[in-house]
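S.K.: Can you read through this structure? Questions will come right after.
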Amino acid sequence: MSTDTKSPLEPIPALPTNRCPFDPDPRYETIRTEAPVLKVSTPAGFDVWIVSGYEDARTVLADAETFSNIDASSSHLMGDKDNLGAPPPPGVMLRHDGDSHSRLRLRLAREFMVKRVAKLEPYIRRLVQEHIDSLAERKGPVDLYREFGLPVPALVISEILGVPEEQRDEFERATASQVDLTLSLEERQAAAMESAGFFVRLVQSKMDEPGDDLLSRLIGEPTERPMDAQELQGIALLLLAAGHDTTANMITLSTYALLKNPEQAAKLQDTAVLDTGIDELIRYLSIIHNGVLRKAVKDVTIGGQKINAGDHVAVVLESANRDPRFLDDADQLDLERHSAHLGFGYGPHQCLGQHLARLELRIALPELFRRLRGLRVVTPQGEIPFKNDMLVYGIKKLMIDWDEVIA
């Protein structure tokens, strides 16, 4: 470790990853104060600077000219360090910088504006009702993540992309299998290949016969530089990855957090509180976990620490969102609180689908608590499997039960 690094821990400590279960790793309380920009080792075998404070996090995320997105945001967790700096895949906007990123983002931005997303509300409400009805037909405890959290956002993405009705069950199974940690790595990779093949066929079908969906509108949009099939496939895969498992984990983890905070859960039925409440859950849980990776393209100083060109930086959102210099009582869940949180990131790469995520959560969570009276978790807390080792934090399996179902 360089001599100018101020470490409150041992030299080159490992990336702190242990949540408890809603709070960040407790070591971040010390790190934010004593070494807010700290070099750590990572599971992928290379060192990164973690940025743990709110203002420093905003600075890095806002400065796309200094900090590149060329490497995947989870490369430090599960990537191959020999592939760092490889060209970004076509259409995968999160890996692009500058004009390339702006072109892709501008083309997609209109699809995720508040007014267009609002048109999905009747469809999402119907999905939520149908899946709660399906839960009600089951006898005994059920896995909320598998039976509700995963399928609802998967089917919303299929609606946005224009997946034909008769293919949506196939689409849902393939997407769920990619994040099913009960399956082997080989089985999950096979599911990912199946999804990739599915999108190849879907894009070709939209080119042959456009419909009223995102892919068809991108194909038919008059522009000097039309998107090719590879870019469209990359966009489809990105939307699946960014909008599926994230929302599934938020639904599941939020339900558990609210059950542990019943006085806050009672506020869900108050529509005046709901909008701030959803954002507070996003801040409090900060499921984009273990740092969002960036690469410095020139020398820069952040939080008093010099970072050299070529170094990697991981912005730790769960720590930044709990920074007491940003928010009083930041470790408390308060659904009536307003805050400028970083749960959706910040700057030019801020989450494009944030309005959609909010809509899905503001429909799904109140309905779960309204309709499933006596909703409770039946697995002891010490036996609940949390996703501490992944970019998206959540619960691998959450067994729930209830007393009665309200129509």
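So you can find residues: chains in the structure tokens are A, B, ... in the order shown, residues in each start at 1, and ligands are numbered from 1 in order.
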Excluding same-chain residues fewer than 6 positions from A:Pro164, what lies within 10 Å of it counting only C-alpha atoms, as a list in words?
M.R.: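 With the cut-off at 10 Å, the set is Ser158, Phe171 and Leu202 of chain A.
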S.K.: Those same residues - C-alpha atoms - I'd like them written as a PDB file, in the first residue's frame.
M.R.:
ATOM      1  CA  SER A 158     -41.159  -8.563 -21.103  1.00  0.00           C
ATOM      2  CA  PHE A 171     -38.784 -15.767 -20.768  1.00  0.00           C
ATOM      3  CA  LEU A 202     -36.789 -11.299 -30.432  1.00  0.00           C
TER       4      LEU A 202
END
S.K.: Of the residues A:Asp389, A:Asp334, A:Asp323, A:Asp311, which is the one nearest to A:Glu55, using only C-alpha atoms?
M.R.: A:Asp323
S.K.: Using only C-alpha atoms, which residue out of A:Val316, A:Met93, A:Ala272, A:Leu38 lies closest to A:Glu231?
M.R.: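 So, comparing all the options, the nearest one is A:Met93.
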S.K.: Any chance you could list, as a ChimeraX atom specification, the residues in stretch 272-402 of chain A that come up alpha helix (DSSP H) when DSSP is run on the backbone?
M.R.: /A:272-285,317-320,354-371
S.K.: With C-alpha atoms retained, could you export that selection as an mmCIF file, in the first residue's frame?
M.R.:
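part23.cif, freshly written:
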data_model
loop_
_atom_site.group_PDB
_atom_site.id
_atom_site.type_symbol
_atom_site.label_atom_id
_atom_site.label_comp_id
_atom_site.auth_asym_id
_atom_site.auth_seq_id
_atom_site.Cartn_x
_atom_site.Cartn_y
_atom_site.Cartn_z
ATOM 1 C CA ALA A 272 -49.292 10.872 1.040
ATOM 2 C CA VAL A 273 -46.339 8.984 2.530
ATOM 3 C CA LEU A 274 -45.871 6.376 -0.183
ATOM 4 C CA ASP A 275 -43.625 8.318 -2.569
ATOM 5 C CA THR A 276 -41.185 9.442 0.110
ATOM 6 C CA GLY A 277 -41.459 6.004 1.710
ATOM 7 C CA ILE A 278 -40.312 4.152 -1.407
ATOM 8 C CA ASP A 279 -37.326 6.470 -1.788
ATOM 9 C CA GLU A 280 -36.461 6.042 1.879
ATOM 10 C CA LEU A 281 -36.451 2.246 1.453
ATOM 11 C CA ILE A 282 -34.167 2.635 -1.570
ATOM 12 C CA ARG A 283 -31.792 4.811 0.488
ATOM 13 C CA TYR A 284 -31.937 2.703 3.624
ATOM 14 C CA LEU A 285 -31.364 -0.620 1.847
ATOM 15 C CA LEU A 317 -23.408 3.547 -2.083
ATOM 16 C CA GLU A 318 -24.602 1.796 1.077
ATOM 17 C CA SER A 319 -21.956 3.667 3.087
ATOM 18 C CA ALA A 320 -22.507 7.030 1.372
ATOM 19 C CA GLN A 354 -35.674 4.682 -11.578
ATOM 20 C CA HIS A 355 -39.258 5.822 -12.326
ATOM 21 C CA LEU A 356 -40.179 2.273 -13.312
ATOM 22 C CA ALA A 357 -38.590 0.815 -10.178
ATOM 23 C CA ARG A 358 -40.474 3.281 -7.977
ATOM 24 C CA LEU A 359 -43.765 2.444 -9.686
ATOM 25 C CA GLU A 360 -43.318 -1.305 -9.249
ATOM 26 C CA LEU A 361 -42.442 -0.896 -5.565
ATOM 27 C CA ARG A 362 -45.246 1.546 -4.788
ATOM 28 C CA ILE A 363 -47.738 -0.950 -6.224
ATOM 29 C CA ALA A 364 -46.264 -4.239 -4.960
ATOM 30 C CA LEU A 365 -45.391 -3.410 -1.353
ATOM 31 C CA PRO A 366 -48.695 -1.859 -0.173
ATOM 32 C CA GLU A 367 -50.671 -4.658 -1.837
ATOM 33 C CA LEU A 368 -48.640 -7.375 -0.150
ATOM 34 C CA PHE A 369 -49.231 -5.837 3.276
ATOM 35 C CA ARG A 370 -52.881 -4.989 2.567
ATOM 36 C CA ARG A 371 -53.958 -8.346 1.201
#
S.K.: Need to verify the contact set: A:Asp331, 10 Å, only C-alpha atoms, exclusion of same-chain residues closer than 3 positions in sequence. Can you return it as a list in words?
M.R.: Phe22, Asp23, Pro24, Tyr284, Asn321, Arg322, Asp323, Pro324, Leu327, Asp328 and Asp334 of chain A
S.K.: Next, write the just-selected residues to a file, as a CSV table (one decimal), in the first residue's frame, keeping C-alpha atoms as the atom set.
M.R.:
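Wrote it out as again.csv, contents follow:
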chain,number,residue,atom,x,y,z
A,22,PHE,CA,-29.9,-3.9,6.6
A,23,ASP,CA,-26.9,-1.8,7.7
A,24,PRO,CA,-23.6,-1.5,5.8
A,284,TYR,CA,-31.9,2.7,3.6
A,321,ASN,CA,-26.3,6.8,2.0
A,322,ARG,CA,-25.6,6.3,5.7
A,323,ASP,CA,-23.1,9.1,6.1
A,324,PRO,CA,-24.2,11.2,9.1
A,327,LEU,CA,-28.4,12.9,6.9
A,328,ASP,CA,-29.3,12.9,10.5
A,334,ASP,CA,-38.3,6.7,8.3
S.K.: Could you tell me how far atom CA of A:Gln264 lies from atom CA of A:Leu333, in Å and to one decimal?
M.R.: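 It comes out at 7.7 Å.
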S.K.: Considering only C-alpha atoms, state which residue in the set A:Arg32, A:Arg168, A:Arg146, A:Arg125 is at the smallest distance from A:Val51.
M.R.: A:Arg32
S.K.: Atom CA of A:Asn290 and atom CA of A:Ile307 are how many Å apart?
M.R.: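 That distance, rounded to one decimal, is 19.3 Å.
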